[in-house]
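**Student:** The structure is given below, and queries will be raised subsequently.
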6 protein chains.
Amino acid sequence: MIYISRKVDFCASHRLHSPALTDAENVALYGKCNSANGHGHNYVLEVTVCGSVGENTGMVMDLKALKDLLDQEIVDRVDHKNLNVDVDFMQGVIPTAENMVIKFWGYLENRLPENCRLFEVRLWETDNNVAFYRGE
Amino acid sequence: MIYISRKVDFCASHRLHSPALTDAENVALYGKCNSANGHGHNYVLEVTVCGSVGENTGMVMDLKALKDLLDQEIVDRVDHKNLNVDVDFMQGVIPTAENMVIKFWGYLENRLPENCRLFEVRLWETDNNVAFYRGE
Amino acid sequence: MIYISRKVDFCASHRLHSPALTDAENVALYGKCNSANGHGHNYVLEVTVCGSVGENTGMVMDLKALKDLLDQEIVDRVDHKNLNVDVDFMQGVIPTAENMVIKFWGYLENRLPENCRLFEVRLWETDNNVAFYRGE
Amino acid sequence: MIYISRKVDFCASHRLHSPALTDAENVALYGKCNSANGHGHNYVLEVTVCGSVGENTGMVMDLKALKDLLDQEIVDRVDHKNLNVDVDFMQGVIPTAENMVIKFWGYLENRLPENCRLFEVRLWETDNNVAFYRGE
Amino acid sequence: MIYISRKVDFCASHRLHSPALTDAENVALYGKCNSANGHGHNYVLEVTVCGSVGENTGMVMDLKALKDLLDQEIVDRVDHKNLNVDVDFMQGVIPTAENMVIKFWGYLENRLPENCRLFEVRLWETDNNVAFYRGE
Amino acid sequence: MIYISRKVDFCASHRLHSPALTDAENVALYGKCNSANGHGHNYVLEVTVCGSVGENTGMVMDLKALKDLLDQEIVDRVDHKNLNVDVDFMQGVIPTAENMVIKFWGYLENRLPENCRLFEVRLWETDNNVAFYRGE
């Protein structure tokens, strides 16, 4: 079994605010990320797929096809968008990196070739902050 | 003469939209950056100061003092903010990197020690896109 | 289960020298890292925590709280220090990255919120050299 | 058990072309990577070893020895080479990153000290494209 | 006057070999870069343009238009190519980074909007090796 | 005229302490960098040379020769050393990046081929802190 990963990036804005909490609790919990008019990030998304290597192709999966899938399923939906307002699948969801990788997993899990399975969806908000999900 | 630079970063959202242009012209000019509800970036700001090296200190300027100046004059005003809405000095200004470095220059130019002068203000919106100003 | 990671960095000096070995054996084993008066690194520490996502918060754990924990438990103890001389918990321990991640694990393991557990402590001495520990 | 990794890099050229496919199928599958006269990459190889920490050394394995092993077994064979033409162990193998990590694994697996085992061989073709193998 | 830069990348192979030198002189001069069947790089190209900021646009030049220009004039001609064999404008030219930035300058110099001029063409062969040209 | 740059790195420790100042003034000025037993950095040195391109070589200067010069003149003198104690040319000099680039310039200025001159010596102490000197 071989693992392959592809990175893509997108720029988006968001605000962290939980409807289950009071305004004061939101400020206490999210700090600057609760700022009323939002802020943004250059997100980096890395998706890892694992599977057997095709004898005739030398590839687990065409990385160009994986990039096209990521663009179509994820990047086109979130790039240069406001995650709170513009993105259908984030409605009613607090746009933390944790929630985003779960949602992204759902869009990718069943879209891979038969010899492959999705291993990890990893999302950097900044160089220092990352969340990842392995379907566990 | 020696040059020293300090990098800081901040996260902000913005929308590029010119009131001098029609909506269609804005879309044609700014593309995705004109998206109605904004998007965002992890901005990286690098400020370069030049001057003579102090004989007793071995420094042009204390880089910690330069960082504190950048935090006070710039980062505290823009970090986790919406540049179009929240930032006083960007009101009436299209929040392009070009306009931002000019504004930032104005906040820094006269705040340096006597043996120094401001050489460059450089702002990355993404790893691939940068604007810089040298006061020329 | 979702994983989140936070990176922090610190600058420290050290010398690799084993009291169980002769001087000649130390030179043979550690090479330049045995240099008598020490050398140093910009260390990068990445700590990964895993757990369930809080329904009301959208977070496994507040990454700001994780950063504060890393600063308090690790960075404040080692930043701008000589690891051989200044750091209590490294006394009697050869300050290799391997030994450091084990020690760091001990300071973090029981300091996490109830829904979380420590997954990995990873330490880069340079961009090319890294050690990590998963409590196995 | 502690894990340590060492990165090395090399520059090589290659062409992706499968003898089991027609020319048209090769173009369809590999796109620009099938370009007749080849292209190239700055490859980055990261090899991870795991094992117990030596009591007298504080190390799983000397990272300098690991680098020397990587240079001798891998880098000297592929650096500044044409992978299709110049590299013995890639003859009859499509030089994808997937196939390369499997071949590299074979050269490293039995060359480690007794207290260690090979955990992962990871190869970046570009910053965005990576393959890795864990011997599974 | 404001400066803006845009980075793009491409993958190519090349061989350094001077027809004015003997084979032995070529080996002595270029070392591994003279390897008979070529090798390759992930090149990174950064082009800097300077000019006045448009009052109605807040931009020196649309960075998207600059990217499109770089793709059309440079990347489409060299990406996934063998620089010695496949690239018309490199025929009879030793494909060093020095010669490449001079050639690239020629393709870009007269293609900019009226308010702009080309300031610098910078080409990284690796993270450690770079050449740049300012038209001086 | 073409510019070429080469990066090298080294690991060293240092302590910032000025004999012209009292202990309290040293703490006030240098903060953590005055820590009694020193700390360290992964320094990155980038040296830029400019000159004409040799017609028969396509090069301003062989970058391998430049690397060898940097290793011989700089890296071998400072790598894995304590800058305050071990390095002859830093005796009596506060080991700030500012002072280091001036010293490094002196070792390189007259060691270049005839068609070249030294343009810039740039030294990163960390990713965020840099000093550079252009012989002005």
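Just remember, in the structure tokens the first chain shown is A, the second B, etc., residues are 1-based per chain, and ligands are 1-based in the order shown.
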Write out as a list in words every residue belonging to chain F that has an atom at most 7 Å from any atom of chain B, counting only C-alpha atoms.
**Tutor:** Ser18, Ala20, Ile94, Thr96, Glu98, Asn99, Asn128, Asn129, Val130, Ala131, Phe132, Tyr133 and Glu136 of chain F
**Student:** Those selected residues, please, written with N, CA and C atoms and delivered as a PDB file, in the first residue's frame.
**Tutor:**
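Saved as out_26.pdb:
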ATOM      1  N   SER F  18      27.124  43.565  26.023  1.00  0.00           N
ATOM      2  CA  SER F  18      28.044  44.641  25.678  1.00  0.00           C
ATOM      3  C   SER F  18      28.894  45.025  26.889  1.00  0.00           C
ATOM      4  N   ALA F  20      30.432  47.624  27.311  1.00  0.00           N
ATOM      5  CA  ALA F  20      30.291  49.066  27.558  1.00  0.00           C
ATOM      6  C   ALA F  20      29.086  49.402  28.416  1.00  0.00           C
ATOM      7  N   ILE F  94      30.424  42.264  19.503  1.00  0.00           N
ATOM      8  CA  ILE F  94      29.137  41.730  19.960  1.00  0.00           C
ATOM      9  C   ILE F  94      28.535  40.935  18.799  1.00  0.00           C
ATOM     10  N   THR F  96      26.021  40.244  17.120  1.00  0.00           N
ATOM     11  CA  THR F  96      24.738  40.509  16.478  1.00  0.00           C
ATOM     12  C   THR F  96      24.844  40.150  14.999  1.00  0.00           C
ATOM     13  N   GLU F  98      24.094  42.077  12.663  1.00  0.00           N
ATOM     14  CA  GLU F  98      24.670  43.257  12.010  1.00  0.00           C
ATOM     15  C   GLU F  98      26.197  43.147  11.957  1.00  0.00           C
ATOM     16  N   ASN F  99      26.800  42.856  13.103  1.00  0.00           N
ATOM     17  CA  ASN F  99      28.259  42.745  13.120  1.00  0.00           C
ATOM     18  C   ASN F  99      28.754  41.538  12.318  1.00  0.00           C
ATOM     19  N   ASN F 128      12.206  35.228  10.900  1.00  0.00           N
ATOM     20  CA  ASN F 128      11.626  36.564  11.028  1.00  0.00           C
ATOM     21  C   ASN F 128      12.638  37.693  11.170  1.00  0.00           C
ATOM     22  N   ASN F 129      13.889  37.360  11.446  1.00  0.00           N
ATOM     23  CA  ASN F 129      14.914  38.378  11.735  1.00  0.00           C
ATOM     24  C   ASN F 129      16.074  38.249  10.763  1.00  0.00           C
ATOM     25  N   VAL F 130      16.394  39.322  10.070  1.00  0.00           N
ATOM     26  CA  VAL F 130      17.471  39.266   9.085  1.00  0.00           C
ATOM     27  C   VAL F 130      18.255  40.575   9.105  1.00  0.00           C
ATOM     28  N   ALA F 131      19.543  40.482   8.804  1.00  0.00           N
ATOM     29  CA  ALA F 131      20.377  41.672   8.594  1.00  0.00           C
ATOM     30  C   ALA F 131      21.106  41.497   7.276  1.00  0.00           C
ATOM     31  N   PHE F 132      21.296  42.607   6.545  1.00  0.00           N
ATOM     32  CA  PHE F 132      22.097  42.501   5.332  1.00  0.00           C
ATOM     33  C   PHE F 132      22.938  43.745   5.109  1.00  0.00           C
ATOM     34  N   TYR F 133      24.030  43.528   4.374  1.00  0.00           N
ATOM     35  CA  TYR F 133      25.031  44.566   4.159  1.00  0.00           C
ATOM     36  C   TYR F 133      25.387  44.561   2.684  1.00  0.00           C
ATOM     37  N   GLU F 136      27.897  49.518   1.495  1.00  0.00           N
ATOM     38  CA  GLU F 136      27.699  50.964   1.375  1.00  0.00           C
ATOM     39  C   GLU F 136      28.216  51.679   2.635  1.00  0.00           C
TER      40      GLU F 136
END
**Student:** Give me the residues within 12 Å of Phe104 of chain D as a PyMOL selection string, counting only C-alpha atoms and dropping any in the same chain fewer than 3 places off.
**Tutor:** chain D and resi 45-47+69-75+77-78+89-90+95+97-101+107-111+118+120-123+131-135
**Student:** Just asking: which residues within segment 1-133 of chain A are strand (DSSP E) according to DSSP, as a ChimeraX atom specification?
**Tutor:** /A:2-14,39-51,81-82,116-126,129-133
**Student:** Write out as an MDAnalysis selection string all residues of chain C that DSSP puts in helix (DSSP H, G or I) for this structure's backbone.
**Tutor:** chainID C and resid 23:34 63:78 88:90 97:108
**Student:** Which residues come within 8 Å of Ser13 of chain F, counting only C-alpha atoms, excluding same-chain residues fewer than 2 positions away, as a ChimeraX atom specification?
**Tutor:** /C:12-13,38-41 /F:11,15,38-41,80-83
**Student:** Deliver the residues from the most recent selection as a file, using N, CA, C and O atoms, as a PDB file, in the first residue's frame.
**Tutor:**
ATOM      1  N   ALA C  12      17.671  27.805  21.373  1.00  0.00           N
ATOM      2  CA  ALA C  12      18.425  27.293  22.516  1.00  0.00           C
ATOM      3  C   ALA C  12      19.786  26.795  22.047  1.00  0.00           C
ATOM      4  O   ALA C  12      19.996  26.580  20.856  1.00  0.00           O
ATOM      5  N   SER C  13      20.686  26.656  23.001  1.00  0.00           N
ATOM      6  CA  SER C  13      21.987  26.073  22.680  1.00  0.00           C
ATOM      7  C   SER C  13      22.127  24.755  23.429  1.00  0.00           C
ATOM      8  O   SER C  13      21.439  24.501  24.421  1.00  0.00           O
ATOM      9  N   GLY C  38      29.593  24.388  22.789  1.00  0.00           N
ATOM     10  CA  GLY C  38      28.192  24.326  22.391  1.00  0.00           C
ATOM     11  C   GLY C  38      27.899  25.048  21.097  1.00  0.00           C
ATOM     12  O   GLY C  38      28.737  25.761  20.546  1.00  0.00           O
ATOM     13  N   HIS C  39      26.707  24.820  20.607  1.00  0.00           N
ATOM     14  CA  HIS C  39      26.181  25.479  19.414  1.00  0.00           C
ATOM     15  C   HIS C  39      24.680  25.593  19.662  1.00  0.00           C
ATOM     16  O   HIS C  39      24.236  25.393  20.793  1.00  0.00           O
ATOM     17  N   GLY C  40      23.898  25.943  18.654  1.00  0.00           N
ATOM     18  CA  GLY C  40      22.479  26.132  18.952  1.00  0.00           C
ATOM     19  C   GLY C  40      21.585  25.952  17.754  1.00  0.00           C
ATOM     20  O   GLY C  40      22.047  25.725  16.631  1.00  0.00           O
ATOM     21  N   HIS C  41      20.292  26.039  18.015  1.00  0.00           N
ATOM     22  CA  HIS C  41      19.287  25.806  16.974  1.00  0.00           C
ATOM     23  C   HIS C  41      18.078  26.721  17.182  1.00  0.00           C
ATOM     24  O   HIS C  41      17.791  27.143  18.298  1.00  0.00           O
TER      25      HIS C  41
ATOM     26  N   CYS F  11      24.842  26.210  12.288  1.00  0.00           N
ATOM     27  CA  CYS F  11      24.251  26.237  13.624  1.00  0.00           C
ATOM     28  C   CYS F  11      25.303  26.772  14.592  1.00  0.00           C
ATOM     29  O   CYS F  11      26.421  26.247  14.628  1.00  0.00           O
ATOM     30  N   ARG F  15      25.816  34.798  22.837  1.00  0.00           N
ATOM     31  CA  ARG F  15      25.194  35.604  23.890  1.00  0.00           C
ATOM     32  C   ARG F  15      25.437  37.065  23.537  1.00  0.00           C
ATOM     33  O   ARG F  15      26.567  37.444  23.209  1.00  0.00           O
ATOM     34  N   GLY F  38      23.998  31.642  27.193  1.00  0.00           N
ATOM     35  CA  GLY F  38      23.857  31.628  25.745  1.00  0.00           C
ATOM     36  C   GLY F  38      22.660  30.847  25.245  1.00  0.00           C
ATOM     37  O   GLY F  38      21.983  30.137  25.997  1.00  0.00           O
ATOM     38  N   HIS F  39      22.404  31.029  23.969  1.00  0.00           N
ATOM     39  CA  HIS F  39      21.351  30.299  23.266  1.00  0.00           C
ATOM     40  C   HIS F  39      21.872  30.128  21.837  1.00  0.00           C
ATOM     41  O   HIS F  39      23.046  30.364  21.590  1.00  0.00           O
ATOM     42  N   GLY F  40      21.026  29.709  20.895  1.00  0.00           N
ATOM     43  CA  GLY F  40      21.579  29.471  19.563  1.00  0.00           C
ATOM     44  C   GLY F  40      20.563  29.597  18.456  1.00  0.00           C
ATOM     45  O   GLY F  40      19.362  29.819  18.706  1.00  0.00           O
ATOM     46  N   HIS F  41      21.075  29.482  17.259  1.00  0.00           N
ATOM     47  CA  HIS F  41      20.231  29.644  16.068  1.00  0.00           C
ATOM     48  C   HIS F  41      20.691  28.705  14.962  1.00  0.00           C
ATOM     49  O   HIS F  41      21.866  28.341  14.876  1.00  0.00           O
ATOM     50  N   HIS F  80      28.546  25.008  14.234  1.00  0.00           N
ATOM     51  CA  HIS F  80      28.623  24.247  15.483  1.00  0.00           C
ATOM     52  C   HIS F  80      29.651  24.849  16.436  1.00  0.00           C
ATOM     53  O   HIS F  80      30.336  24.134  17.164  1.00  0.00           O
ATOM     54  N   LYS F  81      29.721  26.180  16.433  1.00  0.00           N
ATOM     55  CA  LYS F  81      30.619  26.904  17.325  1.00  0.00           C
ATOM     56  C   LYS F  81      29.819  27.838  18.238  1.00  0.00           C
ATOM     57  O   LYS F  81      28.668  28.171  17.972  1.00  0.00           O
ATOM     58  N   ASN F  82      30.508  28.251  19.305  1.00  0.00           N
ATOM     59  CA  ASN F  82      30.024  29.318  20.174  1.00  0.00           C
ATOM     60  C   ASN F  82      30.660  30.608  19.675  1.00  0.00           C
ATOM     61  O   ASN F  82      31.891  30.780  19.772  1.00  0.00           O
ATOM     62  N   LEU F  83      29.860  31.506  19.135  1.00  0.00           N
ATOM     63  CA  LEU F  83      30.412  32.702  18.468  1.00  0.00           C
ATOM     64  C   LEU F  83      31.212  33.580  19.421  1.00  0.00           C
ATOM     65  O   LEU F  83      32.180  34.226  19.012  1.00  0.00           O
TER      66      LEU F  83
END
